[in-house]
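Dropping start.cif in here (mmCIF, C-alpha atoms and all ligand atoms):
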data_query
loop_
_atom_site.label_atom_id
_atom_site.label_comp_id
_atom_site.auth_asym_id
_atom_site.auth_seq_id
_atom_site.Cartn_x
_atom_site.Cartn_y
_atom_site.Cartn_z
CA MET A 1 -0.73 18.63 -5.52
CA MET A 2 1.17 15.46 -4.56
CA ARG A 3 1.44 12.91 -7.34
CA VAL A 4 0.76 9.39 -6.06
CA GLY A 5 1.68 6.13 -7.78
CA VAL A 6 0.00 2.90 -6.66
CA LEU A 7 1.64 -0.52 -7.06
CA ALA A 8 -0.78 -3.44 -7.02
CA SER A 9 -0.85 -7.08 -8.12
CA GLY A 10 -4.44 -8.16 -7.61
CA GLY A 11 -7.95 -6.99 -6.94
CA GLY A 12 -7.09 -3.37 -6.42
CA SER A 13 -9.84 -2.43 -3.97
CA ASN A 14 -7.34 -0.25 -2.08
CA PHE A 15 -6.28 1.35 -5.37
CA GLN A 16 -9.95 2.10 -6.01
CA ALA A 17 -10.45 3.56 -2.52
CA LEU A 18 -7.44 5.83 -3.01
CA VAL A 19 -8.70 7.03 -6.39
CA GLU A 20 -12.21 7.66 -5.07
CA ALA A 21 -10.96 9.57 -2.03
CA LEU A 22 -8.20 11.53 -3.77
CA ASN A 23 -8.95 12.11 -7.43
CA ALA A 24 -11.53 14.77 -6.79
CA GLU A 25 -11.02 18.34 -7.82
CA ARG A 26 -8.69 20.41 -5.67
CA SER A 27 -7.54 17.40 -3.67
CA ALA A 28 -4.00 17.81 -2.27
CA ALA A 29 -3.04 14.39 -3.63
CA GLN A 30 -3.97 12.54 -6.82
CA VAL A 31 -3.37 9.00 -8.00
CA VAL A 32 -1.64 9.50 -11.36
CA VAL A 33 -0.62 5.94 -12.23
CA LEU A 34 -1.22 2.30 -11.39
CA VAL A 35 1.82 0.09 -11.81
CA CYS A 36 0.88 -3.59 -11.93
CA ASN A 37 3.11 -6.64 -12.26
CA VAL A 38 0.30 -9.05 -13.19
CA PRO A 39 -1.29 -8.70 -16.64
CA GLY A 40 -5.02 -9.29 -16.33
CA ALA A 41 -5.22 -8.22 -12.68
CA LYS A 42 -8.54 -6.67 -11.75
CA ALA A 43 -6.71 -3.54 -10.57
CA ILE A 44 -5.89 -2.77 -14.23
CA GLU A 45 -9.56 -2.85 -15.18
CA ARG A 46 -10.36 -0.52 -12.29
CA ALA A 47 -7.66 1.94 -13.37
CA LYS A 48 -8.93 1.99 -16.94
CA ALA A 49 -12.48 2.56 -15.76
CA ALA A 50 -11.31 5.42 -13.54
CA GLY A 51 -9.20 6.99 -16.30
CA VAL A 52 -5.93 6.47 -14.41
CA ALA A 53 -2.78 5.63 -16.41
CA VAL A 54 -1.59 2.02 -16.21
CA GLU A 55 1.91 0.60 -16.54
CA VAL A 56 2.21 -3.18 -16.62
CA ILE A 57 5.66 -4.44 -15.67
CA GLU A 58 5.84 -8.22 -15.46
CA HIS A 59 8.37 -9.30 -12.86
CA GLY A 60 8.94 -12.57 -14.73
CA ARG A 61 10.75 -10.68 -17.50
CA PHE A 62 13.55 -9.88 -15.07
CA GLY A 63 14.15 -13.42 -13.79
CA LYS A 64 15.98 -13.27 -10.47
CA ASP A 65 17.30 -9.75 -11.11
CA ARG A 66 15.27 -7.87 -8.54
CA ALA A 67 17.30 -4.68 -8.94
CA ALA A 68 16.42 -4.58 -12.65
CA PHE A 69 12.73 -5.08 -11.85
CA ASP A 70 12.95 -2.29 -9.27
CA ALA A 71 14.70 -0.04 -11.79
CA ALA A 72 11.85 -0.60 -14.26
CA LEU A 73 9.34 0.31 -11.55
CA VAL A 74 11.30 3.48 -10.74
CA GLU A 75 11.47 4.44 -14.41
CA ALA A 76 7.70 4.10 -14.81
CA LEU A 77 7.01 6.03 -11.60
CA LYS A 78 9.43 8.80 -12.56
CA GLN A 79 7.87 9.06 -16.01
CA HIS A 80 4.63 9.93 -14.29
CA ARG A 81 6.47 12.30 -11.92
CA VAL A 82 5.31 10.34 -8.89
CA GLU A 83 6.27 11.74 -5.48
CA LEU A 84 4.63 9.21 -3.16
CA VAL A 85 4.43 5.46 -3.79
CA CYS A 86 1.65 3.37 -2.25
CA LEU A 87 1.94 -0.40 -2.26
CA ALA A 88 -1.56 -1.84 -2.22
CA GLY A 89 -1.59 -5.61 -2.43
CA PHE A 90 1.72 -5.57 -4.33
CA MET A 91 3.00 -9.11 -3.96
CA ARG A 92 6.71 -8.50 -4.59
CA LEU A 93 9.39 -7.34 -2.17
CA VAL A 94 10.83 -3.99 -3.17
CA GLY A 95 14.52 -3.30 -2.68
CA GLN A 96 17.00 -0.48 -2.28
CA THR A 97 16.79 0.61 -5.92
CA LEU A 98 13.17 1.66 -5.44
CA LEU A 99 13.50 2.77 -1.82
CA SER A 100 16.44 5.09 -2.47
CA ALA A 101 14.61 6.66 -5.42
CA PHE A 102 11.74 7.59 -3.05
CA PRO A 103 13.29 8.06 0.39
CA GLN A 104 10.64 7.79 3.12
CA ARG A 105 8.03 8.04 0.41
CA VAL A 106 7.06 4.39 -0.04
CA LEU A 107 4.03 3.23 1.96
CA ASN A 108 2.46 -0.18 2.41
CA ILE A 109 -0.82 -1.32 3.89
CA HIS A 110 -0.88 -4.55 5.86
CA PRO A 111 -4.02 -6.33 7.13
CA ALA A 112 -2.87 -6.87 10.74
CA LEU A 113 -1.55 -4.87 13.67
CA LEU A 114 2.19 -5.09 13.04
CA PRO A 115 4.49 -6.42 14.37
CA ALA A 116 1.89 -9.18 14.78
CA PHE A 117 1.33 -11.41 11.75
CA PRO A 118 3.67 -10.02 9.07
CA GLY A 119 3.90 -11.60 5.63
CA MET A 120 1.27 -13.51 3.72
CA HIS A 121 -2.20 -14.50 4.96
CA ALA A 122 -2.14 -12.12 7.92
CA GLN A 123 -5.89 -12.51 8.49
CA GLN A 124 -5.63 -16.33 8.56
CA GLN A 125 -2.68 -16.02 10.94
CA ALA A 126 -4.82 -13.89 13.28
CA VAL A 127 -7.76 -16.33 13.15
CA SER A 128 -5.50 -19.35 13.73
CA TYR A 129 -3.75 -17.68 16.66
CA GLY A 130 -7.07 -16.85 18.30
CA VAL A 131 -6.42 -13.15 18.95
CA LYS A 132 -9.43 -11.04 19.91
CA VAL A 133 -8.24 -7.91 18.14
CA SER A 134 -6.47 -7.46 14.81
CA GLY A 135 -6.56 -4.57 12.39
CA VAL A 136 -4.68 -2.65 9.76
CA THR A 137 -1.29 -0.97 9.62
CA VAL A 138 0.00 1.63 7.20
CA HIS A 139 3.78 1.77 7.38
CA LEU A 140 6.79 3.10 5.58
CA VAL A 141 8.53 0.43 3.58
CA ASP A 142 12.07 -0.68 4.32
CA GLU A 143 13.93 -3.71 3.01
CA GLY A 144 12.30 -6.14 5.43
CA THR A 145 8.91 -7.78 5.13
CA ASP A 146 6.40 -5.45 6.81
CA THR A 147 9.07 -4.07 9.17
CA GLY A 148 9.17 -0.32 8.42
CA PRO A 149 8.10 2.52 10.76
CA VAL A 150 4.37 2.53 11.55
CA VAL A 151 2.43 5.56 10.32
CA ALA A 152 -1.11 4.61 11.39
CA GLN A 153 -3.04 1.67 12.79
CA THR A 154 -6.69 0.86 13.34
CA ALA A 155 -7.98 -2.03 15.44
CA VAL A 156 -10.74 -4.39 14.34
CA PRO A 157 -12.40 -7.03 16.55
CA VAL A 158 -11.92 -10.70 15.75
CA LEU A 159 -15.16 -12.58 16.41
CA ASP A 160 -15.33 -16.18 17.61
CA ASP A 161 -16.86 -17.48 14.41
CA ASP A 162 -14.64 -15.52 12.02
CA ASP A 163 -12.92 -17.32 9.21
CA GLU A 164 -10.20 -15.73 7.10
CA GLN A 165 -12.72 -14.23 4.69
CA ALA A 166 -14.97 -12.71 7.35
CA LEU A 167 -12.05 -11.08 9.13
CA ALA A 168 -10.49 -9.92 5.85
CA SER A 169 -13.74 -8.17 4.86
CA ARG A 170 -13.99 -6.39 8.21
CA ILE A 171 -10.36 -5.28 7.96
CA LEU A 172 -10.75 -4.18 4.34
CA VAL A 173 -13.39 -1.62 5.30
CA GLU A 174 -10.82 0.01 7.58
CA GLU A 175 -8.06 -0.27 4.96
CA HIS A 176 -10.16 1.71 2.52
CA ARG A 177 -10.65 4.45 5.09
CA ILE A 178 -7.19 4.70 6.61
CA TYR A 179 -5.00 4.55 3.48
CA PRO A 180 -6.42 7.69 1.80
CA GLU A 181 -6.33 9.45 5.17
CA VAL A 182 -2.60 8.75 5.54
CA VAL A 183 -1.90 9.88 1.97
CA LYS A 184 -3.71 13.16 2.67
CA LEU A 185 -1.54 13.69 5.77
CA PHE A 186 1.60 13.19 3.67
CA ALA A 187 0.29 15.57 1.03
CA ALA A 188 -0.39 18.16 3.73
CA GLY A 189 3.19 17.83 5.03
CA LYS A 190 1.94 16.64 8.38
CA VAL A 191 4.09 13.52 8.65
CA LYS A 192 7.58 13.61 10.15
CA VAL A 193 9.74 10.53 10.45
CA GLU A 194 12.27 10.34 13.28
CA GLY A 195 13.88 6.94 13.23
CA ARG A 196 11.10 4.47 13.96
CA THR A 197 8.80 7.15 15.32
CA VAL A 198 6.41 8.74 12.87
CA ARG A 199 4.93 11.97 14.18
CA ILE A 200 1.70 13.29 12.77
CA SER A 201 0.74 16.90 13.42
CA ARG A 202 -2.97 17.43 13.11
C1 LIG B 301 -5.22 -6.02 1.29
O1 LIG B 301 -5.76 -6.75 2.35
C2 LIG B 301 -3.88 -5.47 1.65
O2 LIG B 301 -3.78 -5.08 2.99
C3 LIG B 301 -3.01 -6.67 1.42
O3 LIG B 301 -3.50 -7.22 0.23
C4 LIG B 301 -4.87 -6.91 0.10
C5 LIG B 301 -5.04 -6.21 -1.20
O4 LIG B 301 -6.38 -6.00 -1.53
N1 LIG B 301 -1.61 -6.33 1.43
P1 LIG B 301 -6.76 -5.13 -2.80
O5 LIG B 301 -5.98 -5.66 -3.97
O6 LIG B 301 -6.42 -3.69 -2.49
O7 LIG B 301 -8.24 -5.34 -2.97
#
Will you turn the file into structure tokens for me?
Amino acid sequence: MMRVGVLASGGGSNFQALVEALNAERSAAQVVVLVCNVPGAKAIERAKAAGVAVEVIEHGRFGKDRAAFDAALVEALKQHRVELVCLAGFMRLVGQTLLSAFPQRVLNIHPALLPAFPGMHAQQQAVSYGVKVSGVTVHLVDEGTDTGPVVAQTAVPVLDDDDEQALASRILVEEHRIYPEVVKLFAAGKVKVEGRTVRISR
């Protein structure tokens, strides 16, 4: 069984989708901890309701010392013997301290088809640009913003009358499906990373 740690800052609907898809009996992967940097975030409530351990680590305590914040994240994740880290609406950049503790084992989910629309408000960026297709990307995390190797993508149509919220909701449905699927592939040892190419054997 692969032990999964989820890092979230907000609503935590992806955290919830991962727990619901994975924390069943005999699943090859299980969410064992939620690490949250925002006290009071809804994700924390969801974790408590689901009986998943919670670690709250406020980034503000570390001032500008990002390495120290990362080290605290690593310590919490290691305490729970996490093997795979899933960022799910985690609104802080992670750095080398965390990445080198979990080499090629830090994933992020982004609500656009990267490399289009990286960074914040990806759905609004897609609506403003006028693209006809957007979607969701699960990728390995590197030190850039949404720049790591792509593991999986799903396309979603952008409709003429979409606003940010309408598109975000349509994308979120796919996020909730694709993220657990990718985690299961990792747990089954079916993911191989060769430079920027991620090969999935099915
Ligand atoms: C999702 O759209 C995710 O792709 C983005 O932030 C949002 C988080 O939603 N990075 P939730 O907290 O999982 O509900």
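CA of Arg202 (chain A) sits 6.9 Å away from CA of Lys190 (chain A).
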Worksheet item: For the atom pair atom C2 of ligand LIG 301 (chain B) and CA of Ile109 (chain A), what is the interatomic distance in Å to one decimal place?
Response: 5.6 Å
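Using all atoms listed in the file, the nearest neighbour of Gln104 (chain A) within the list A:Leu7, A:Met2, A:Ala188, A:Val151 is A:Val151.
Counting all atoms listed in the file, Val158 (chain A) has the following residues at most 9 Å away, ignoring those fewer than 2 positions along the same chain: Ala126, Val127, Gly130, Val131, Lys132, Val133, Ser134, Gly135, Val156, Asp160, Asp161, Asp162, Leu167 and Arg170 of chain A.
Pairwise distance (CA of Ala166 (chain A), CA of Val183 (chain A)) equals 26.6 Å.
The closest residue to ligand LIG 301 (chain B), picked from A:Leu84, A:Val94, A:Val106, A:Leu172 and counting only C-alpha atoms and all ligand atoms, is A:Leu172.
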If you take only C-alpha atoms and all ligand atoms and a cut-off of 7 Å, which residues of chain A touch ligand LIG 301 (chain B), and what are their nearest atom pairs and distances in Å to one decimal, in chain and number order, as a tab-separated table?
residue	atom	partner	partner_atom	distance
A:Ala8	CA	B:LIG301	O5	6.4
A:Ser9	CA	B:LIG301	O5	6.7
A:Gly10	CA	B:LIG301	O5	4.7
A:Gly11	CA	B:LIG301	O5	3.8
A:Gly12	CA	B:LIG301	O5	3.5
A:Ser13	CA	B:LIG301	O7	3.5
A:Asn14	CA	B:LIG301	O6	3.6
A:Phe15	CA	B:LIG301	O6	5.8
A:Ala43	CA	B:LIG301	O5	7.0
A:Ala88	CA	B:LIG301	O6	5.2
A:Gly89	CA	B:LIG301	O3	3.6
A:Phe90	CA	B:LIG301	N1	6.7
A:Ile109	CA	B:LIG301	O2	4.9
A:His110	CA	B:LIG301	O2	4.1
A:Pro111	CA	B:LIG301	O2	4.3
A:Ala168	CA	B:LIG301	O1	6.7
A:Leu172	CA	B:LIG301	O1	6.0
A:Glu175	CA	B:LIG301	O2	6.7
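Using all atoms listed in the file, the nearest neighbour of Leu98 (chain A) within the list A:Val52, A:Ala187, A:Leu77, A:Val198 is A:Leu77.
Distance check against Val6 (chain A) using all atoms listed in the file: of A:Arg66, A:His80, A:Arg196, A:His121, the minimum falls on A:His80.
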Discussion item. I want to know what sits within 10 Å of region 31-41 of chain A, based on all atoms listed in the file, with residues of the same chain fewer than 3 positions away left out; could you give that as a count of residues only?
Written reply: 49
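Here the question is which of A:Thr197, A:Glu164, A:Ala49, A:Glu143 gets nearest to Ser128 (chain A) using only C-alpha atoms, and that residue is A:Glu164.
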Worksheet item: With all atoms listed in the file as the atoms that count, which of A:Ala50, A:Thr147, A:Ala112, A:Tyr129 lies nearest to Leu93 (chain A)?
Response: A:Thr147
Any chance you could build region 127-142 of chain A out to N, CA, C and O atoms and write it as a PDB file, keeping the file's coordinate frame?
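For reference, part-v4.pdb as written:
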ATOM      1  N   VAL A 127      -6.687 -15.393  12.801  1.00  0.00           N
ATOM      2  CA  VAL A 127      -7.760 -16.330  13.150  1.00  0.00           C
ATOM      3  C   VAL A 127      -7.156 -17.576  13.799  1.00  0.00           C
ATOM      4  O   VAL A 127      -7.611 -18.039  14.849  1.00  0.00           O
ATOM      5  N   SER A 128      -6.103 -18.122  13.208  1.00  0.00           N
ATOM      6  CA  SER A 128      -5.500 -19.350  13.730  1.00  0.00           C
ATOM      7  C   SER A 128      -4.917 -19.142  15.119  1.00  0.00           C
ATOM      8  O   SER A 128      -4.949 -20.034  15.965  1.00  0.00           O
ATOM      9  N   TYR A 129      -4.361 -17.952  15.359  1.00  0.00           N
ATOM     10  CA  TYR A 129      -3.750 -17.680  16.660  1.00  0.00           C
ATOM     11  C   TYR A 129      -4.806 -17.517  17.748  1.00  0.00           C
ATOM     12  O   TYR A 129      -4.569 -17.768  18.918  1.00  0.00           O
ATOM     13  N   GLY A 130      -5.999 -17.052  17.322  1.00  0.00           N
ATOM     14  CA  GLY A 130      -7.070 -16.850  18.300  1.00  0.00           C
ATOM     15  C   GLY A 130      -7.052 -15.488  18.974  1.00  0.00           C
ATOM     16  O   GLY A 130      -7.627 -15.330  20.054  1.00  0.00           O
ATOM     17  N   VAL A 131      -6.414 -14.499  18.350  1.00  0.00           N
ATOM     18  CA  VAL A 131      -6.420 -13.150  18.950  1.00  0.00           C
ATOM     19  C   VAL A 131      -7.837 -12.589  18.925  1.00  0.00           C
ATOM     20  O   VAL A 131      -8.674 -12.999  18.111  1.00  0.00           O
ATOM     21  N   LYS A 132      -8.108 -11.668  19.826  1.00  0.00           N
ATOM     22  CA  LYS A 132      -9.430 -11.040  19.910  1.00  0.00           C
ATOM     23  C   LYS A 132      -9.485  -9.722  19.155  1.00  0.00           C
ATOM     24  O   LYS A 132     -10.560  -9.182  18.894  1.00  0.00           O
ATOM     25  N   VAL A 133      -8.314  -9.180  18.861  1.00  0.00           N
ATOM     26  CA  VAL A 133      -8.240  -7.910  18.140  1.00  0.00           C
ATOM     27  C   VAL A 133      -7.172  -8.039  17.056  1.00  0.00           C
ATOM     28  O   VAL A 133      -6.086  -8.562  17.307  1.00  0.00           O
ATOM     29  N   SER A 134      -7.505  -7.602  15.849  1.00  0.00           N
ATOM     30  CA  SER A 134      -6.470  -7.460  14.810  1.00  0.00           C
ATOM     31  C   SER A 134      -6.682  -6.081  14.196  1.00  0.00           C
ATOM     32  O   SER A 134      -7.178  -5.190  14.876  1.00  0.00           O
ATOM     33  N   GLY A 135      -6.332  -5.906  12.946  1.00  0.00           N
ATOM     34  CA  GLY A 135      -6.560  -4.570  12.390  1.00  0.00           C
ATOM     35  C   GLY A 135      -5.740  -4.315  11.154  1.00  0.00           C
ATOM     36  O   GLY A 135      -5.456  -5.239  10.374  1.00  0.00           O
ATOM     37  N   VAL A 136      -5.369  -3.061  10.976  1.00  0.00           N
ATOM     38  CA  VAL A 136      -4.680  -2.650   9.760  1.00  0.00           C
ATOM     39  C   VAL A 136      -3.548  -1.699  10.134  1.00  0.00           C
ATOM     40  O   VAL A 136      -3.671  -0.899  11.068  1.00  0.00           O
ATOM     41  N   THR A 137      -2.454  -1.834   9.409  1.00  0.00           N
ATOM     42  CA  THR A 137      -1.290  -0.970   9.620  1.00  0.00           C
ATOM     43  C   THR A 137      -0.877  -0.340   8.302  1.00  0.00           C
ATOM     44  O   THR A 137      -0.746  -1.033   7.296  1.00  0.00           O
ATOM     45  N   VAL A 138      -0.676   0.973   8.319  1.00  0.00           N
ATOM     46  CA  VAL A 138       0.000   1.630   7.200  1.00  0.00           C
ATOM     47  C   VAL A 138       1.402   1.974   7.696  1.00  0.00           C
ATOM     48  O   VAL A 138       1.564   2.556   8.770  1.00  0.00           O
ATOM     49  N   HIS A 139       2.402   1.541   6.925  1.00  0.00           N
ATOM     50  CA  HIS A 139       3.780   1.770   7.380  1.00  0.00           C
ATOM     51  C   HIS A 139       4.672   2.162   6.220  1.00  0.00           C
ATOM     52  O   HIS A 139       4.353   1.894   5.054  1.00  0.00           O
ATOM     53  N   LEU A 140       5.775   2.805   6.584  1.00  0.00           N
ATOM     54  CA  LEU A 140       6.790   3.100   5.580  1.00  0.00           C
ATOM     55  C   LEU A 140       7.498   1.797   5.248  1.00  0.00           C
ATOM     56  O   LEU A 140       7.654   0.926   6.114  1.00  0.00           O
ATOM     57  N   VAL A 141       7.912   1.669   4.020  1.00  0.00           N
ATOM     58  CA  VAL A 141       8.530   0.430   3.580  1.00  0.00           C
ATOM     59  C   VAL A 141      10.050   0.521   3.757  1.00  0.00           C
ATOM     60  O   VAL A 141      10.651   1.548   3.410  1.00  0.00           O
ATOM     61  N   ASP A 142      10.611  -0.535   4.339  1.00  0.00           N
ATOM     62  CA  ASP A 142      12.070  -0.680   4.320  1.00  0.00           C
ATOM     63  C   ASP A 142      12.367  -2.020   3.656  1.00  0.00           C
ATOM     64  O   ASP A 142      11.468  -2.614   3.065  1.00  0.00           O
TER      65      ASP A 142
END
